[in-house]
Structure formats: structure tokens, C-alpha cells
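Q: Next comes structure-v8.txt, compact mmCIF, C-alpha atoms:
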# COMPACT_ATOMS: atom_id res chain seq x y z
CA MET F 27 0.00 0.00 0.00
CA LEU F 28 1.33 3.40 -0.94
CA PRO F 29 1.50 6.00 1.82
CA VAL F 30 -0.17 8.83 -0.12
CA THR F 31 -3.16 9.32 -2.39
CA VAL F 32 -2.17 8.58 -5.96
CA ARG F 33 -3.49 10.82 -8.71
CA ARG F 34 -2.10 9.07 -11.81
CA VAL F 35 0.08 5.99 -12.25
CA PHE F 36 2.78 5.77 -14.92
CA LEU F 37 4.45 2.48 -15.79
CA ALA F 38 7.87 3.20 -17.29
CA GLN F 39 8.43 1.07 -20.37
CA HIS F 40 12.15 1.66 -20.78
CA ARG F 41 15.12 0.28 -18.93
CA VAL F 42 16.22 2.29 -15.93
CA ASP F 43 19.49 1.79 -14.09
CA PHE F 44 18.45 0.62 -10.62
CA ARG F 45 21.69 1.95 -9.15
CA LYS F 46 20.10 5.38 -9.44
CA GLN F 47 18.96 6.79 -6.17
CA LEU F 48 15.95 9.00 -5.48
CA ASN F 49 17.18 12.01 -7.47
CA GLY F 50 18.03 9.91 -10.53
CA LEU F 51 14.59 8.31 -10.55
CA LEU F 52 13.00 11.72 -10.01
CA GLY F 53 14.78 12.92 -13.15
CA GLU F 54 13.44 9.91 -15.06
CA ALA F 55 9.94 10.69 -13.80
CA TYR F 56 10.19 14.27 -15.06
CA ARG F 57 11.40 13.00 -18.45
CA LEU F 58 8.18 10.97 -18.68
CA GLY F 59 6.04 14.03 -17.93
CA ALA F 60 5.02 12.93 -14.44
CA GLN F 61 4.73 15.28 -11.47
CA PRO F 62 5.54 13.18 -8.38
CA TYR F 63 5.08 16.09 -5.97
CA ASP F 64 1.49 16.45 -7.22
CA GLY F 65 0.58 12.80 -6.51
CA ASP F 66 1.75 11.06 -9.68
CA CYS F 67 3.24 7.61 -9.12
CA VAL F 68 5.91 6.30 -11.48
CA VAL F 69 6.70 2.58 -11.42
CA PHE F 70 10.01 1.29 -12.77
CA VAL F 71 10.66 -2.40 -13.55
CA LYS F 72 14.16 -3.82 -13.25
CA LYS F 73 15.68 -5.33 -16.39
CA ASP F 74 15.51 -8.91 -15.07
CA ARG F 75 11.93 -8.34 -13.74
CA THR F 76 12.82 -9.25 -10.15
CA GLN F 77 12.24 -5.82 -8.65
CA LEU F 78 9.90 -2.84 -8.87
CA ARG F 79 10.46 0.70 -7.66
CA GLY F 80 7.71 3.23 -7.26
CA LEU F 81 8.27 6.95 -6.85
CA VAL F 82 5.41 8.97 -5.41
CA GLY F 83 5.18 12.10 -3.35
CA ASP F 84 3.05 14.75 -1.76
CA SER F 85 3.57 18.42 -0.95
CA VAL F 86 5.98 17.50 1.87
CA GLY F 87 8.34 15.06 0.19
CA LEU F 88 8.90 11.92 -1.86
CA TYR F 89 8.58 8.21 -1.14
CA LEU F 90 10.63 5.56 -2.87
CA VAL F 91 8.85 2.23 -2.58
CA SER F 92 10.72 -0.92 -3.55
CA ARG F 93 9.40 -4.45 -4.02
CA ARG F 94 11.68 -7.43 -4.64
CA PHE F 95 10.25 -10.74 -5.82
CA GLU F 96 11.97 -13.68 -4.17
CA GLY F 97 12.25 -16.98 -6.00
CA GLY F 98 10.64 -15.77 -9.19
CA ARG F 99 10.12 -13.00 -11.63
CA LEU F 100 7.38 -10.59 -12.41
CA GLN F 101 5.11 -12.17 -14.99
CA THR F 102 4.08 -8.99 -16.79
CA LEU F 103 4.23 -8.86 -20.57
CA LEU F 104 6.36 -5.73 -20.60
CA ARG F 105 8.70 -5.13 -23.50
CA PHE F 106 11.35 -2.55 -22.84
CA ALA F 107 11.49 0.36 -25.27
CA GLU F 108 14.67 2.08 -26.41
CA GLN F 109 13.39 5.61 -25.74
CA PRO F 110 11.92 6.80 -22.43
CA THR F 111 8.21 6.06 -22.66
CA SER F 112 5.45 5.21 -20.25
CA LYS F 113 1.83 4.18 -20.21
CA ASN F 114 -0.89 5.07 -17.78
CA ILE F 115 -2.28 2.24 -15.67
CA SER F 116 -5.04 2.25 -13.09
CA THR F 117 -4.52 1.86 -9.36
CA ALA F 118 -6.11 -1.61 -9.64
CA GLU F 119 -3.49 -2.62 -12.20
CA LEU F 120 -0.83 -1.17 -9.89
CA SER F 121 -2.10 -3.40 -7.09
CA LEU F 122 -1.88 -6.45 -9.35
CA LEU F 123 1.62 -5.44 -10.41
CA LEU F 124 2.77 -5.05 -6.79
CA GLU F 125 1.38 -8.53 -6.05
CA GLY F 126 3.41 -9.97 -8.93
CA ALA F 127 0.36 -10.93 -10.98
CA SER F 128 0.20 -10.73 -14.73
CA PHE F 129 -2.30 -8.35 -16.23
CA THR F 130 -3.33 -7.37 -19.70
CA VAL F 131 -6.11 -4.92 -20.33
CA HIS F 132 -7.66 -5.10 -23.76
CA LYS F 133 -10.50 -2.68 -23.16
CA ARG F 134 -11.34 -0.74 -20.00
CA ALA F 135 -14.90 -0.34 -18.84
CA ARG F 136 -16.17 3.21 -18.68
CA THR F 137 -16.35 4.66 -15.21
CA CYS F 138 -19.72 5.56 -13.77
CA ARG F 139 -20.16 9.24 -13.07
CA ALA F 140 -22.83 10.53 -10.71
CA ALA F 141 -25.21 13.00 -12.29
Take the structure in the file and give it back as C-alpha cells.
A:
Amino acid sequence: MLPVTVRRVFLAQHRVDFRKQLNGLLGEAYRLGAQPYDGDCVVFVKKDRTQLRGLVGDSVGLYLVSRRFEGGRLQTLLRFAEQPTSKNISTAELSLLLEGASFTVHKRARTCRAA
């Protein structure tokens, strides 16, 4: 569970050097067009798919959340792009990703809006 309210979730689709610390990942988030201090969450997947890192913040500071998968790999069908790109995912898909589950969304249902 993330410690702040998440506005948007970006899944980075390019390889990121996991030796980068908080400032390096913040730079990558800005390259993707995310605003972590405004509640955007950016999720990075390690090259060998054994670790995730999420960068999210609020008006006070940033959180760097890390999840390592022991004895297995993340089963997502992510292909790494050469250029820095990302795609928006929902918070439900983020929950599945943090659990290590595989997800593919072909078509999202429209959200219900109160009149």
C-alpha cells in the first residue's frame, strides 16, 4: 500500500538503471512528464523483472517504494522500449503489479459518473 493518495500511475516502459537513487529516478519521472510532488506515481521495472520501484510524493516530500520478488520473476508482458516512454495504468493494475500478478487490459470499462 502506498503512503499517499495517488493521482495518476505511470508504468515506465524503458530500462532504468536501478543503481540510481531517489534524485536519478525523479529525473526519469520528469522525463516521462510525471509530477511526483502532485501525486503522480511512477513505477520502474528492473531489467531482469525481479524488482519494482515506485516513486510517489506529496507536498511535503517523496517516497521511494521498492518491491523485490523472491524466488521468481514478475510475470508482466512488458517489452522494454529504447526511448523513455510510459503508459498510464489504473490503481487496480498497480495493485496487481505489486502482487506480482500478470495483467493485460484489452479494453477498460467506462467509469460511472454521478449525475
Q: Between F:Ala55, F:Ile115, F:Gln109, F:Glu96, which is the closest to Phe70 (chain F) once you count all atoms listed in the file?
A: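 Of F:Ala55, F:Ile115, F:Gln109, F:Glu96, the one nearest Phe70 (chain F), counting all atoms listed in the file, is F:Ala55.
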Q: Between F:Ala38, F:Val32, F:Ala107, F:Leu122, which has the minimum distance to Arg57 (chain F) (counting all atoms listed in the file)?
A: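 Ranked by minimum distance to Arg57 (chain F), first place goes to F:Ala38.
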Q: Around the point (7.3, 8.8, -28.2), in the coordinates given by the file, pick out the residues reaching within 12 Å, counting only C-alpha atoms, and return them as a ChimeraX atom specification.
A: /F:39-40,57-59,107-113
Q: Can you write out the residues you just picked, keeping C-alpha atoms, as a PDB file, in the frame of the given file?
A:
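Output (result_15.pdb):
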ATOM      1  CA  GLN F  39       8.430   1.070 -20.370  1.00  0.00           C
ATOM      2  CA  HIS F  40      12.150   1.660 -20.780  1.00  0.00           C
ATOM      3  CA  ARG F  57      11.400  13.000 -18.450  1.00  0.00           C
ATOM      4  CA  LEU F  58       8.180  10.970 -18.680  1.00  0.00           C
ATOM      5  CA  GLY F  59       6.040  14.030 -17.930  1.00  0.00           C
ATOM      6  CA  ALA F 107      11.490   0.360 -25.270  1.00  0.00           C
ATOM      7  CA  GLU F 108      14.670   2.080 -26.410  1.00  0.00           C
ATOM      8  CA  GLN F 109      13.390   5.610 -25.740  1.00  0.00           C
ATOM      9  CA  PRO F 110      11.920   6.800 -22.430  1.00  0.00           C
ATOM     10  CA  THR F 111       8.210   6.060 -22.660  1.00  0.00           C
ATOM     11  CA  SER F 112       5.450   5.210 -20.250  1.00  0.00           C
ATOM     12  CA  LYS F 113       1.830   4.180 -20.210  1.00  0.00           C
TER      13      LYS F 113
END
Q: Under the rule that all atoms listed in the file are counted, which of F:Arg139, F:Thr117, F:Gln77, F:Leu52 is the nearest residue to Tyr89 (chain F)?
A: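 Smallest distance to Tyr89 (chain F) is found for F:Leu52.
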Q: Give the centre and edge lengths of an axis-aligned box, in Å to one decimal, that holds all listed atoms of region 74-91 of chain F with 4 Å on each side, as AutoDock Vina command-line options.
A:
--center_x 9.3 --center_y 4.6 --center_z -6.6 --size_x 20.5 --size_y 35.7 --size_z 24.9
Q: When you look at Leu100 (chain F) with a cut-off of 10 Å (counting only C-alpha atoms), what residues show up, excluding the ones that are within fewer than 2 positions of it in the same chain? I need them as a PyMOL selection string.
A: chain F and resi 71-72+74-78+94-96+98+102-104+123-128
Q: Between CA of Cys67 (chain F) and CA of Gly80 (chain F), what is the spacing in Å?
A: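 A separation of 6.5 Å between them.
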Q: Could you state the separation of CA of Asp43 (chain F) and CA of Val69 (chain F) in Å, given to one decimal place?
A: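 According to the coordinates, CA of Asp43 (chain F) and CA of Val69 (chain F) are separated by 13.1 Å.
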